[in-house]
file structure25.csv (CSV, C-alpha atoms)
chain,number,residue,atom,x,y,z
A,18,MET,CA,87.1,126.2,94.7
A,19,VAL,CA,88.0,127.3,91.1
A,20,MET,CA,88.7,124.4,88.8
A,21,ASN,CA,91.3,124.6,86.0
A,22,SER,CA,89.9,124.2,82.5
A,23,ARG,CA,92.1,121.1,82.0
A,24,LEU,CA,90.0,119.3,84.6
A,25,LYS,CA,86.8,119.9,82.6
A,26,TYR,CA,86.5,116.4,81.2
A,27,VAL,CA,83.4,114.2,81.0
A,28,ILE,CA,82.8,111.2,83.2
A,29,TYR,CA,79.6,109.2,82.7
A,30,PHE,CA,78.6,108.4,86.2
A,31,ILE,CA,75.6,106.2,86.8
A,32,LEU,CA,74.8,107.5,90.2
A,33,PHE,CA,71.2,106.4,90.6
A,34,TRP,CA,71.6,102.7,90.9
A,35,GLY,CA,75.0,101.6,89.6
A,36,VAL,CA,77.6,103.5,91.6
A,37,HIS,CA,78.3,102.6,95.2
A,38,PHE,CA,81.6,102.6,97.1
A,39,THR,CA,82.3,99.1,98.4
A,40,SER,CA,81.8,98.7,102.1
A,41,PHE,CA,83.5,95.9,103.9
A,42,GLY,CA,81.4,95.9,107.0
A,43,LYS,CA,82.8,96.9,110.4
A,44,GLY,CA,86.4,97.9,110.2
A,45,ILE,CA,88.8,97.3,107.3
A,46,SER,CA,88.8,94.1,105.4
A,47,PHE,CA,91.1,93.2,102.5
A,48,ARG,CA,89.8,89.7,101.6
A,49,GLY,CA,88.4,89.3,98.2
A,50,SER,CA,89.3,91.0,94.9
A,51,ASN,CA,87.4,94.3,95.2
A,52,ILE,CA,90.0,96.0,97.4
A,53,ILE,CA,92.8,94.8,95.2
A,54,ARG,CA,91.1,96.2,92.2
A,55,VAL,CA,90.8,99.6,94.0
A,56,VAL,CA,94.5,99.6,94.6
A,57,HIS,CA,95.3,98.7,91.0
A,58,TYR,CA,93.0,101.4,89.8
A,59,LEU,CA,94.6,104.0,92.0
A,60,GLY,CA,98.0,103.1,90.6
A,61,GLU,CA,99.9,100.2,92.2
A,62,SER,CA,103.2,101.2,93.8
A,63,PRO,CA,106.3,99.0,94.2
A,64,GLN,CA,105.6,98.6,97.9
A,65,LEU,CA,102.5,96.5,97.2
A,66,ALA,CA,104.6,93.6,96.0
A,67,GLY,CA,106.2,93.1,99.4
A,68,THR,CA,106.8,89.6,100.6
A,69,ASP,CA,105.4,88.2,103.8
A,70,GLN,CA,108.9,88.4,105.3
A,71,ASN,CA,109.2,92.1,104.3
A,72,MET,CA,105.8,92.9,105.9
A,73,ASN,CA,106.8,91.2,109.2
A,74,ASN,CA,110.2,93.0,109.1
A,75,LEU,CA,108.4,96.3,108.5
A,76,TRP,CA,106.2,95.7,111.4
A,77,LYS,CA,109.1,95.1,113.7
A,78,MET,CA,110.7,98.3,112.5
A,79,TYR,CA,107.5,100.2,113.2
A,80,LYS,CA,107.3,98.8,116.7
A,81,LYS,CA,110.9,100.0,117.4
A,82,ASP,CA,110.2,103.5,116.0
A,83,LYS,CA,106.7,104.7,115.7
A,84,THR,CA,107.8,108.1,114.4
A,85,ASP,CA,109.0,106.7,111.0
A,86,PHE,CA,106.3,107.6,108.6
A,87,ASN,CA,108.1,106.0,105.7
A,88,VAL,CA,107.8,102.6,107.3
A,89,GLN,CA,104.2,103.1,108.2
A,90,GLN,CA,103.5,104.2,104.6
A,91,LYS,CA,105.0,101.0,103.3
A,92,ILE,CA,103.0,98.8,105.6
A,93,LEU,CA,99.7,100.5,104.7
A,94,LEU,CA,100.4,100.3,101.0
A,95,GLY,CA,101.6,96.7,101.2
A,96,MET,CA,98.7,95.4,103.3
A,97,PRO,CA,96.2,94.6,100.5
A,98,VAL,CA,98.4,92.3,98.5
A,99,PHE,CA,100.0,90.8,101.7
A,100,SER,CA,96.6,90.0,103.2
A,101,SER,CA,95.4,88.4,100.0
A,102,ARG,CA,98.0,85.7,100.6
A,103,LEU,CA,97.0,85.0,104.2
A,104,THR,CA,95.1,81.8,104.7
A,105,ASN,CA,95.0,81.7,108.4
A,106,ARG,CA,91.9,83.5,109.7
A,107,SER,CA,93.3,84.5,113.0
A,108,GLU,CA,96.5,85.9,111.3
A,109,LEU,CA,94.3,87.8,108.9
A,110,GLU,CA,92.2,89.3,111.6
A,111,LYS,CA,95.3,90.2,113.6
A,112,TRP,CA,96.7,92.2,110.6
A,113,GLN,CA,93.4,93.8,109.9
A,114,VAL,CA,93.3,95.2,113.5
A,115,ARG,CA,96.9,96.3,113.2
A,116,VAL,CA,96.5,98.3,110.0
A,117,GLU,CA,93.2,99.8,111.0
A,118,ASN,CA,94.8,101.2,114.1
A,119,LEU,CA,97.9,102.1,112.2
A,120,PHE,CA,96.0,104.2,109.7
A,121,LYS,CA,94.3,106.1,112.5
A,122,ASP,CA,97.7,106.9,114.1
A,123,TYR,CA,99.2,107.7,110.7
A,124,TRP,CA,96.4,110.2,110.0
A,125,LYS,CA,96.6,111.7,113.5
A,126,ASN,CA,100.3,112.2,113.7
A,127,LYS,CA,101.6,112.9,110.2
A,128,PRO,CA,101.3,116.6,109.2
A,129,HIS,CA,98.5,116.7,106.7
A,130,GLU,CA,100.4,119.1,104.4
A,131,GLN,CA,103.0,116.4,103.9
A,132,MET,CA,100.3,113.9,102.7
A,133,LEU,CA,99.7,115.7,99.4
A,134,ASN,CA,101.6,113.0,97.5
A,135,LYS,CA,100.5,110.0,95.4
A,136,GLU,CA,101.3,107.3,98.1
A,137,ASP,CA,99.4,109.1,100.9
A,138,LEU,CA,96.4,110.0,98.7
A,139,ASN,CA,96.2,106.3,97.7
A,140,ILE,CA,96.3,105.4,101.4
A,141,ILE,CA,93.5,107.8,102.3
A,142,MET,CA,91.3,106.5,99.6
A,143,LEU,CA,92.2,102.9,100.4
A,144,TYR,CA,91.5,103.1,104.1
A,145,ASN,CA,88.3,105.3,103.9
A,146,GLN,CA,85.8,103.2,102.1
A,147,LYS,CA,83.0,103.0,104.6
A,148,PRO,CA,81.1,106.3,104.4
A,149,GLU,CA,81.0,108.3,107.7
A,150,LYS,CA,79.7,111.7,108.5
A,151,ASN,CA,82.3,114.5,108.9
A,152,SER,CA,85.2,112.2,108.0
A,153,GLU,CA,88.4,114.3,108.4
A,154,PRO,CA,90.4,112.4,105.7
A,155,ILE,CA,87.5,112.9,103.1
A,156,GLU,CA,87.1,116.6,104.0
A,157,PHE,CA,90.9,116.9,103.5
A,158,LEU,CA,90.5,115.5,100.0
A,159,ILE,CA,87.6,117.8,99.2
A,160,GLN,CA,89.4,120.9,100.5
A,161,ASN,CA,92.5,120.1,98.4
A,162,PHE,CA,90.7,118.6,95.5
A,163,GLU,CA,92.4,120.5,92.7
A,164,THR,CA,95.8,119.9,94.2
A,165,CYS,CA,95.0,116.2,94.5
A,166,CYS,CA,94.0,116.1,90.8
A,167,SER,CA,97.4,117.3,89.9
A,168,ILE,CA,99.0,114.4,91.8
A,169,VAL,CA,96.8,111.5,90.9
A,170,THR,CA,94.6,110.9,87.9
A,171,PRO,CA,91.7,113.4,88.0
A,172,GLN,CA,89.2,110.7,87.1
A,173,VAL,CA,90.3,108.7,90.1
A,174,MET,CA,89.7,111.7,92.5
A,175,LEU,CA,86.4,112.6,90.9
A,176,THR,CA,85.1,109.0,90.9
A,177,TYR,CA,86.2,108.5,94.5
A,178,VAL,CA,84.8,111.7,96.0
A,179,ALA,CA,81.5,111.5,94.1
A,180,ALA,CA,81.0,107.8,94.8
A,181,TYR,CA,81.9,108.3,98.5
A,182,GLU,CA,79.5,111.3,98.9
A,183,ASN,CA,76.7,109.4,97.0
A,184,SER,CA,77.2,106.4,99.3
A,185,LEU,CA,77.1,108.6,102.4
A,186,ILE,CA,73.9,110.2,101.4
A,187,ASN,CA,72.2,106.9,100.6
A,188,GLN,CA,73.5,105.4,103.9
A,189,LEU,CA,72.1,108.3,105.9
A,190,ALA,CA,68.7,108.1,104.1
A,191,LYS,CA,68.5,104.3,104.7
A,192,SER,CA,69.3,104.7,108.4
A,193,GLY,CA,66.5,107.3,108.7
A,194,ASP,CA,68.8,110.2,109.3
A,195,ILE,CA,67.2,113.4,107.9
A,196,ASN,CA,70.7,114.9,107.8
A,197,TYR,CA,71.0,113.3,104.3
A,198,LYS,CA,69.4,116.5,103.1
A,199,LYS,CA,72.3,118.5,104.5
A,200,GLU,CA,74.8,116.4,102.6
A,201,LEU,CA,72.6,116.9,99.4
A,202,ALA,CA,72.7,120.6,100.0
A,203,ARG,CA,76.5,120.5,99.7
A,204,LEU,CA,76.1,119.7,96.0
A,205,ARG,CA,75.0,123.3,95.6
A,206,GLY,CA,77.6,124.5,98.2
A,207,ASP,CA,81.2,123.5,98.8
A,208,LEU,CA,80.9,120.4,96.5
A,209,LYS,CA,79.4,122.3,93.6
A,210,SER,CA,82.7,122.7,91.7
A,211,ILE,CA,83.4,119.0,92.0
A,212,PHE,CA,80.0,117.7,91.0
A,213,GLU,CA,79.8,120.1,88.1
A,214,LEU,CA,82.4,117.8,86.5
A,215,VAL,CA,80.1,114.8,86.8
A,216,GLN,CA,77.9,114.3,83.8
A,217,THR,CA,75.2,111.7,83.5
A,218,LYS,CA,73.4,110.2,80.5
A,219,SER,CA,70.1,111.7,81.5
A,220,LEU,CA,69.1,114.1,84.2
A,221,SER,CA,71.3,116.2,86.5
A,222,VAL,CA,73.4,114.4,89.0
A,223,GLU,CA,71.8,116.5,91.8
A,224,TYR,CA,68.4,115.3,90.8
A,225,LEU,CA,69.4,111.7,90.4
A,226,MET,CA,71.1,111.6,93.9
A,227,THR,CA,68.1,113.5,95.5
A,228,ALA,CA,65.5,111.2,93.9
A,229,LYS,CA,67.2,108.1,95.2
A,230,ALA,CA,67.9,109.4,98.6
A,231,ASP,CA,64.3,110.7,99.1
A,232,ALA,CA,62.9,107.3,98.0
A,233,LEU,CA,65.2,105.4,100.4
A,234,TYR,CA,64.3,107.7,103.3
A,235,ALA,CA,60.6,107.3,102.6
A,236,LEU,CA,61.0,103.5,102.6
A,237,HIS,CA,63.5,103.1,105.5
A,238,GLY,CA,63.0,106.2,107.6
A,239,GLU,CA,59.3,106.9,107.2
A,240,LYS,CA,58.4,103.2,106.4
A,241,ASP,CA,55.9,104.5,103.9
A,242,GLN,CA,55.6,102.1,101.0
A,243,MET,CA,53.2,104.2,99.0
A,244,LYS,CA,55.3,107.4,99.3
A,245,TYR,CA,58.2,105.3,98.0
A,246,ILE,CA,56.0,104.1,95.1
A,247,GLU,CA,55.0,107.7,94.3
A,248,LEU,CA,58.5,109.0,94.4
A,249,GLN,CA,59.7,106.1,92.1
A,250,ARG,CA,56.8,106.7,89.7
A,251,GLU,CA,57.8,110.3,89.4
A,252,PHE,CA,61.5,109.4,88.9
A,253,LEU,CA,60.8,106.8,86.2
A,254,SER,CA,58.4,109.2,84.5
A,255,LYS,CA,61.1,111.9,84.4
A,256,MET,CA,63.7,109.4,83.2
A,257,GLY,CA,61.5,108.5,80.2
A,258,ASP,CA,63.3,106.5,77.6
A,259,TYR,CA,66.5,106.7,79.7
A,260,ALA,CA,65.0,104.3,82.2
A,261,GLY,CA,66.2,100.8,81.5
A,262,VAL,CA,65.9,97.4,83.0
A,263,GLU,CA,68.1,98.3,86.0
A,264,GLU,CA,65.9,101.3,87.0
A,265,TYR,CA,62.7,99.3,86.9
A,266,LYS,CA,64.2,96.2,88.5
A,267,ASN,CA,65.9,98.1,91.3
A,268,ALA,CA,62.8,100.2,92.0
A,269,VAL,CA,61.0,96.9,92.8
A,270,LEU,CA,63.7,94.8,94.4
A,271,THR,CA,64.7,97.6,96.8
A,272,LEU,CA,61.1,97.7,98.0
A,273,MET,CA,60.6,94.0,98.2
A,274,LEU,CA,63.9,93.2,100.0
A,275,THR,CA,63.1,95.9,102.5
A,276,VAL,CA,59.5,95.0,103.4
A,277,GLY,CA,59.6,91.3,102.8
A,278,LYS,CA,56.3,89.6,103.3
A,279,LYS,CA,54.7,92.9,104.4
A,280,LEU,CA,54.4,94.2,100.8
A,281,LYS,CA,51.2,96.1,100.5
A,282,PRO,CA,48.7,95.0,97.7
A,283,GLU,CA,48.8,98.5,96.2
A,284,ALA,CA,52.6,98.5,96.1
A,285,ALA,CA,52.5,95.0,94.7
A,286,GLN,CA,50.2,96.1,91.8
A,287,GLN,CA,52.6,98.9,90.8
A,288,SER,CA,55.6,96.6,91.2
A,289,LEU,CA,54.0,94.1,88.7
A,290,VAL,CA,53.8,96.9,86.1
A,291,TRP,CA,57.5,97.8,86.6
A,292,LEU,CA,58.5,94.1,86.5
A,293,ASP,CA,56.6,93.6,83.3
A,294,LYS,CA,58.4,96.7,81.9
A,295,ALA,CA,61.8,95.3,83.0
A,296,LEU,CA,61.1,92.0,81.2
A,297,SER,CA,60.4,93.9,78.0
A,298,PHE,CA,64.2,94.5,77.8
A,299,GLU,CA,66.7,91.9,76.7
A,300,VAL,CA,67.9,90.3,80.0
A,301,SER,CA,70.0,87.3,81.0
A,302,VAL,CA,68.4,84.1,82.0
A,303,LEU,CA,69.4,84.7,85.6
A,304,GLN,CA,67.8,88.2,85.6
A,305,LYS,CA,64.7,86.8,84.0
A,306,VAL,CA,64.5,84.2,86.8
A,307,ILE,CA,64.8,87.0,89.4
A,308,LEU,CA,62.2,89.2,87.8
A,309,VAL,CA,59.6,86.4,87.2
A,310,GLY,CA,60.2,85.1,90.7
A,311,ALA,CA,59.5,88.7,92.0
A,312,MET,CA,56.3,88.8,90.1
A,313,GLY,CA,55.3,85.6,91.9
A,314,ASP,CA,55.9,87.2,95.2
A,315,CYS,CA,53.8,90.2,94.1
A,316,TYR,CA,50.9,88.0,93.1
A,317,LEU,CA,51.1,86.4,96.6
A,318,ALA,CA,50.8,89.8,98.1
A,319,ILE,CA,47.5,90.4,96.3
A,320,ASN,CA,46.3,86.9,97.1
A,321,ASN,CA,46.4,85.6,93.5
A,322,GLN,CA,48.0,82.2,94.2
A,323,ASP,CA,47.2,80.9,90.7
A,324,LYS,CA,49.3,83.6,89.0
A,325,ALA,CA,52.0,83.3,91.7
A,326,LYS,CA,52.3,79.5,91.1
A,327,GLU,CA,52.4,80.2,87.3
A,328,CYS,CA,55.3,82.6,87.8
A,329,PHE,CA,57.2,80.3,90.1
A,330,ASN,CA,56.8,77.4,87.7
A,331,GLN,CA,58.1,79.6,84.9
A,332,ALA,CA,61.0,80.8,87.0
A,333,TYR,CA,61.9,77.2,87.9
A,334,LEU,CA,61.9,76.1,84.3
A,335,LEU,CA,64.2,79.0,83.4
A,336,SER,CA,66.5,78.2,86.4
A,337,LEU,CA,67.1,74.7,84.9
A,338,GLN,CA,69.2,76.5,82.2
A,339,LEU,CA,71.6,77.5,85.0
A,340,ASN,CA,73.9,75.4,87.0
A,341,ASP,CA,72.6,76.7,90.3
A,342,LEU,CA,71.0,74.1,92.6
A,343,ARG,CA,70.5,76.5,95.4
A,344,LEU,CA,68.4,78.8,93.2
A,345,GLN,CA,66.4,75.9,91.9
A,346,ASN,CA,65.7,74.5,95.4
A,347,SER,CA,64.7,78.0,96.6
A,348,ILE,CA,62.1,78.3,93.9
A,349,ARG,CA,60.9,74.7,94.4
A,350,GLN,CA,60.5,75.5,98.1
A,351,LYS,CA,58.2,78.4,97.2
A,352,LEU,CA,56.1,76.1,95.0
A,353,ASN,CA,55.9,73.5,97.8
A,354,THR,CA,54.8,76.2,100.3
A,355,ILE,CA,51.9,77.2,98.0
A,356,SER,CA,50.9,73.6,97.5
A,357,ASN,CA,51.0,72.8,101.2
A,358,GLU,CA,48.7,75.7,101.8
A,359,GLY,CA,46.1,74.0,99.7
A,360,VAL,CA,46.4,76.2,96.7

call {"tool": "encode", "arguments": {"input": "structure25.csv", "output": "structure tokens"}}
result
Amino acid sequence: MVMNSRLKYVIYFILFWGVHFTSFGKGISFRGSNIIRVVHYLGESPQLAGTDQNMNNLWKMYKKDKTDFNVQQKILLGMPVFSSRLTNRSELEKWQVRVENLFKDYWKNKPHEQMLNKEDLNIIMLYNQKPEKNSEPIEFLIQNFETCCSIVTPQVMLTYVAAYENSLINQLAKSGDINYKKELARLRGDLKSIFELVQTKSLSVEYLMTAKADALYALHGEKDQMKYIELQREFLSKMGDYAGVEEYKNAVLTLMLTVGKKLKPEAAQQSLVWLDKALSFEVSVLQKVILVGAMGDCYLAINNQDKAKECFNQAYLLSLQLNDLRLQNSIRQKLNTISNEGV
């Protein structure tokens, strides 16, 4: 795909930790503000302001004539705002099932060449947020990327496609699917012209995506903590001064949240070094509580209960600055557990 020079703009895309496309679990969900923000970002259309009565009338029209793509389009565009006003759970679930099936039929039956318009491109991006292998709608956007960029804001298209592909690669790696490497190879193949538009603050986007995916696969697919540690050590070394609190924090928390109480002593030792580095940056009180608490868990993994207790006490004192009783109780419970074990 040859890109026009007018599309050669810069987007600073923090792919390694910060960018992920929101997944709403199984099926399509519109509750909460994230999905609404996505619609606003794509460019809200007049149909989104439809009333409850309008949506019900549109659905009746659709049931009478399932060949009217204009009615289907209005329903799909109007659903996010409409669902945000629904308070009855069963009613919400009913509409979610409706629009999920409606989009599938809309995509299946409407000629794809007729979908190269702002409304339908918004619908495709809106209803394809959970990464899936070989997704036909996403491949349609990729194959028609330059045309799509002439219809909707180029930044929107680039951010969506890059974030979707990044999420897909990470999802495959976390599920232990070695095919994540095939998706990465596309960055040098049919996706090259798209990802050439993505610029990062540090290393190449291909390296950043590969480094994260390889680390996730080592941790989740191979269940090898020390390989994960080595890959992260190499990544942080290459990042150098570009590595900040998020890189160090996430390197540790990704590991700890995955392995839980099975954290190996060697991995805990390295994690302590990274947590100490993360704490050298200016962080919020909440982040400091999380980091110091994580240090406590690392000390427990290496059987240093005295240091663990010291960390949890510090985390508890910090948590008193926050209006979060659940957090305070969680830390206090850890302290009680250590005390009950006779430490």

call {"tool": "residues_near_point", "arguments": {"input": "structure25.csv", "point": "(72.6, 114.3, 92.3)", "cutoff": "9 Å", "atoms": "all atoms listed in the file", "output": "JSON, numbers by chain"}}
result
{"A": [32, 33, 183, 201, 204, 212, 220, 221, 222, 223, 224, 225, 226, 227, 228, 229]}

call {"tool": "atom_distance", "arguments": {"input": "structure25.csv", "atom1": "atom CA of Ile159 of chain A", "atom2": "atom CA of Lys218 of chain A"}}
result
24.7 Å

call {"tool": "closest_residue", "arguments": {"input": "structure25.csv", "among": "A:Asn73, A:Ser356, A:Gln350, A:Asn87", "to": "Ser100 of chain A", "atoms": "all atoms listed in the file"}}
result
A:Asn73

call {"tool": "atom_distance", "arguments": {"input": "structure25.csv", "atom1": "atom CA of Ala180 of chain A", "atom2": "atom CA of Tyr144 of chain A"}}
result
14.8 Å

call {"tool": "atom_distance", "arguments": {"input": "structure25.csv", "atom1": "atom CA of Leu248 of chain A", "atom2": "atom CA of Gln304 of chain A"}}
result
24.4 Å

call {"tool": "closest_residue", "arguments": {"input": "structure25.csv", "among": "A:Glu163, A:Asp231, A:Asp314, A:Glu130", "to": "Asn187 of chain A", "atoms": "all atoms listed in the file"}}
result
A:Asp231

call {"tool": "closest_residue", "arguments": {"input": "structure25.csv", "among": "A:Lys324, A:Arg250, A:Lys240, A:Lys80", "to": "Lys281 of chain A", "atoms": "only C-alpha atoms"}}
result
A:Lys240

call {"tool": "closest_residue", "arguments": {"input": "structure25.csv", "among": "A:Ser210, A:Gln287, A:Gln216, A:Asn161", "to": "Met243 of chain A", "atoms": "all atoms listed in the file"}}
result
A:Gln287

call {"tool": "residues_around", "arguments": {"input": "structure25.csv", "residues": "Glu358 of chain A", "least_positions_apart": "6", "cutoff": "12 Å", "atoms": "all atoms listed in the file", "output": "list in words"}}
result
Gln322, Lys326, Lys351 and Leu352 of chain A

call {"tool": "write_last_selection", "arguments": {"input": "structure25.csv", "atoms": "C-alpha atoms", "output": "tab-separated table (two decimals), in the coordinates of the input"}}
result
chain	number	residue	atom	x	y	z
A	322	GLN	CA	48.00	82.20	94.20
A	326	LYS	CA	52.30	79.50	91.10
A	351	LYS	CA	58.20	78.40	97.20
A	352	LEU	CA	56.10	76.10	95.00

call {"tool": "closest_residue", "arguments": {"input": "structure25.csv", "among": "A:Asp323, A:Cys328, A:Glu149, A:Thr84", "to": "Asp122 of chain A", "atoms": "only C-alpha atoms"}}
result
A:Thr84

call {"tool": "closest_residue", "arguments": {"input": "structure25.csv", "among": "A:Ile348, A:Leu296, A:Met174, A:Ala230", "to": "Val262 of chain A", "atoms": "all atoms listed in the file"}}
result
A:Leu296

call {"tool": "residues_around", "arguments": {"input": "structure25.csv", "residues": "segment 251-253 of chain A", "least_positions_apart": "4", "cutoff": "10 Å", "atoms": "all atoms listed in the file", "output": "PyMOL selection string"}}
result
chain A and resi 224-225+228-229+232+245-247+257-261+264-265+268+291
